[in-house]
Amino acid sequence: MKRLFAISVLLAAITVQAQELNFWQKVNNLLTKVKDIDSVYVYQPNQSFTLGMFSTVQQVGFDTKVMFNFFGENDSRIPGTTKYHFNEKPSTKLGLEVGYGKFVLGYGLEVSPKNGHKRISLGLNLLGKNWGLHSNFFKISNDFRSKITVGNTNDINYWEDEIIGTEPASMSYLSIDGYYVFNNKRFAYPAAYKAGLVQRKTAGSWMVTGRYMQGRLKNPPGASHDEYFMFDGFNTMQISVGGGYSANFVCWHRDPTALHDKGLRNLTINLTLLPAITAFNYLKTISYHQDTGEPIEDDISTIYCYPMPNFIGNSAISLTLDRFFISTQFTYNWFYFHSAQAIDPTSLPISAQVDDISFRGSFYNWNLKLLFMYKF
């Protein structure tokens with residue numbers, strides 16, 4: 001009986017070890033193996049580990065324009081505009097990337113002189129053959145500029161002025177983009193962006209995308225502004241869907257002559273355009289009023305804007321030489337919103353002087369990246 005029990009325990013232990021080995025094999029295959037690819041069009045290098053260096057130049061900003069009618073003498077209406085501008089100068093980062101299979105982790109430090117008062121930027125990219133996710137978070141604090149124009153250039157009552165807030169404003173936004181590739185057997189979207197796949201022959205695919213964006217711009221309560229600042233901040237949230245096309249143009253390819261990818265040569269150019277339409281577009285504008293000398297935040301208006309276009313654009317040029325991978329990448333994102341009801345004139349300090357207010361604005365960010373990787 002004891003022998004039977006011991007044999008049973010031994011068999012159970014062997015079974016558990018086999019199951020554990022099988023589990024880790026599955027995890028390893030999930031990270032390193034790519035299924036359902038047409039090997040005539042797509043080649044997967046043999047190495048699983050990557051170590052690389054990167055340099056990025058990026059910029060984030062916000063622009064908006066408020067159009068209104070200004071009440072002149074004898075109840076005349078004079079057209080006016082107030083333009084707002086908030087951004088940073090291009091900033092530069094240097095960093096390292098390490099990866100195993102499909103998983104890549106990178107960290108960078110800002111090396112250029114800081115042009116904003118405060119700055120935070122974080123990014124997460126999961127680039128897969130079938131699907132992927134891009135996530136970016138930016139938070140900066142810098143000067144908030146406004147330029148007001150009333151009347152036409154040749155009018156006698158024409159005037160303009162430019163104002164800079166006495167304290168820096170803050171802006172933050174979070175964006176999450178997802179994509180799905182239809183022709184994922186012959187087209188390797190990540191081929192020009194990371195070292196995991198190589199496009200052997202020119203191919204492309206239609207893609208669908210979804211986007212979530214949440215943004216915020218706010219002046220500090222203690223900042224003194226000109227009365228023609230139409231607002232002191234706003235919050236926005238957007239959910240967009242869209243689609244487009246991506247193509248890899250293979251300019252040069254030579255297959256490897258050894259198991260360690262010796263002799264592998266490849267030059268690929270990727271172009272991706274993914275326009276999207278906002279299905280959900282929420283906007284809240286705020287302003288401050290004085291109460292016993294203290295600034296109090298007021299909600300000017302909370303509305304749901306009309307569907308608006310957004311844009312995601314990527315391009316990259318990659319060069320593969322044996323185990324070395326070099327890529328130059330450019331990404332541009334544009335978020336747009338517009339409404340004729342975003343600001344309630346009766347809530348403004350100059351409510352008796354303006355009417356017919358409409359509002360349009362956009363967030364934007366761009367990124368230029370140079371990546372150098374070694375596979376082993």
# chains A, B, ... in the order shown; residues from 1 in each chain; ligands from 1
call {"tool": "residues_around", "arguments": {"residues": "Arg119 (chain A)", "least_positions_apart": "4", "cutoff": "8 Å", "atoms": "only C-alpha atoms", "output": "PDB file with C-alpha atoms, in the first residue's frame"}}
result
ATOM      1  CA  PHE A 138       1.592  64.242 -21.563  1.00  0.00           C
ATOM      2  CA  LYS A 139       1.497  66.910 -18.859  1.00  0.00           C
ATOM      3  CA  ILE A 140       3.209  70.264 -19.251  1.00  0.00           C
ATOM      4  CA  SER A 141       3.060  73.699 -17.643  1.00  0.00           C
TER       5      SER A 141
END
call {"tool": "select_by_dssp", "arguments": {"residues": "region 44-293 of chain A", "states": "helix (DSSP H, G or I)", "output": "list of chain:residue names"}}
result
A:Glu73, A:Asn74, A:Asp75, A:Tyr189, A:Pro190, A:Ala191, A:Ala192
call {"tool": "select_by_dssp", "arguments": {"residues": "region 66-223 of chain A", "states": "strand (DSSP E)", "output": "JSON, numbers by chain"}}
result
{"A": [66, 67, 68, 69, 70, 71, 77, 78, 79, 80, 81, 82, 83, 84, 85, 86, 87, 91, 92, 93, 94, 95, 96, 97, 98, 99, 100, 103, 104, 105, 106, 107, 108, 109, 110, 118, 119, 120, 121, 122, 123, 124, 125, 126, 127, 131, 132, 133, 134, 135, 136, 137, 138, 139, 140, 141, 142, 145, 146, 147, 148, 149, 150, 159, 160, 161, 162, 163, 164, 169, 170, 171, 172, 173, 174, 175, 176, 177, 178, 179, 180, 181, 198, 199, 203, 204, 205, 206, 207, 208, 209, 210, 211, 212, 213, 214, 215, 216, 217, 218]}
call {"tool": "residues_around", "arguments": {"residues": "region 258-274 of chain A", "least_positions_apart": "3", "cutoff": "9 Å", "atoms": "only C-alpha atoms", "output": "MDAnalysis selection string"}}
result
chainID A and resid 45:47 189 191:193 198:200 202 207:209 242:255 310:323 376
call {"tool": "residues_around", "arguments": {"residues": "Ser55 (chain A)", "least_positions_apart": "4", "cutoff": "6 Å", "atoms": "only C-alpha atoms", "output": "compact mmCIF listing (two decimals) with N, CA and C atoms, in the first residue's frame"}}
result
# COMPACT_ATOMS: atom_id res chain seq x y z
N LYS A 93 14.91 63.39 -26.03
CA LYS A 93 15.16 62.34 -25.05
C LYS A 93 16.17 61.33 -25.60
N LEU A 94 16.93 60.72 -24.69
CA LEU A 94 17.78 59.58 -24.98
C LEU A 94 17.40 58.45 -24.04
N LYS A 369 11.58 59.60 -33.95
CA LYS A 369 12.36 58.64 -33.17
C LYS A 369 13.41 57.97 -34.05
N LEU A 370 14.63 57.86 -33.53
CA LEU A 370 15.70 57.10 -34.16
C LEU A 370 16.05 55.94 -33.23
call {"tool": "residues_around", "arguments": {"residues": "Trp366 (chain A)", "least_positions_apart": "4", "cutoff": "12 Å", "atoms": "only C-alpha atoms", "output": "list of chain:residue names"}}
result
A:Thr56, A:Val57, A:Gln58, A:Gln59, A:Val60, A:Gly61, A:Asn87, A:Glu88, A:Lys89, A:Pro90, A:Ser91, A:Asn136, A:Phe138, A:Phe311, A:Ile312, A:Gly313, A:Asn314, A:Ser315, A:Gln329, A:Phe330, A:Thr331, A:Tyr332, A:Asn333, A:Trp334, A:Phe335
call {"tool": "closest_residue", "arguments": {"among": "A:Phe144, A:Tyr179, A:Tyr212, A:Phe54", "to": "Glu167 (chain A)", "atoms": "only C-alpha atoms"}}
result
A:Phe144
call {"tool": "closest_atom_pairs", "arguments": {"of": "region 59-142 of chain A", "to": "region 354-362 of chain A", "cutoff": "7 Å", "atoms": "only C-alpha atoms", "output": "JSON lines"}}
result
{"residue": "A:Phe62", "atom": "CA", "partner": "A:Ser362", "partner_atom": "CA", "distance": 5.8}
{"residue": "A:Asp63", "atom": "CA", "partner": "A:Ser362", "partner_atom": "CA", "distance": 5.6}
{"residue": "A:Thr64", "atom": "CA", "partner": "A:Gly361", "partner_atom": "CA", "distance": 3.8}
{"residue": "A:Lys65", "atom": "CA", "partner": "A:Arg360", "partner_atom": "CA", "distance": 5.5}
{"residue": "A:Val66", "atom": "CA", "partner": "A:Phe359", "partner_atom": "CA", "distance": 4.7}
{"residue": "A:Met67", "atom": "CA", "partner": "A:Ser358", "partner_atom": "CA", "distance": 5.3}
{"residue": "A:Phe68", "atom": "CA", "partner": "A:Ile357", "partner_atom": "CA", "distance": 4.4}
{"residue": "A:Asn69", "atom": "CA", "partner": "A:Asp355", "partner_atom": "CA", "distance": 5.3}
{"residue": "A:Phe70", "atom": "CA", "partner": "A:Val354", "partner_atom": "CA", "distance": 4.7}
{"residue": "A:Phe71", "atom": "CA", "partner": "A:Val354", "partner_atom": "CA", "distance": 6.0}
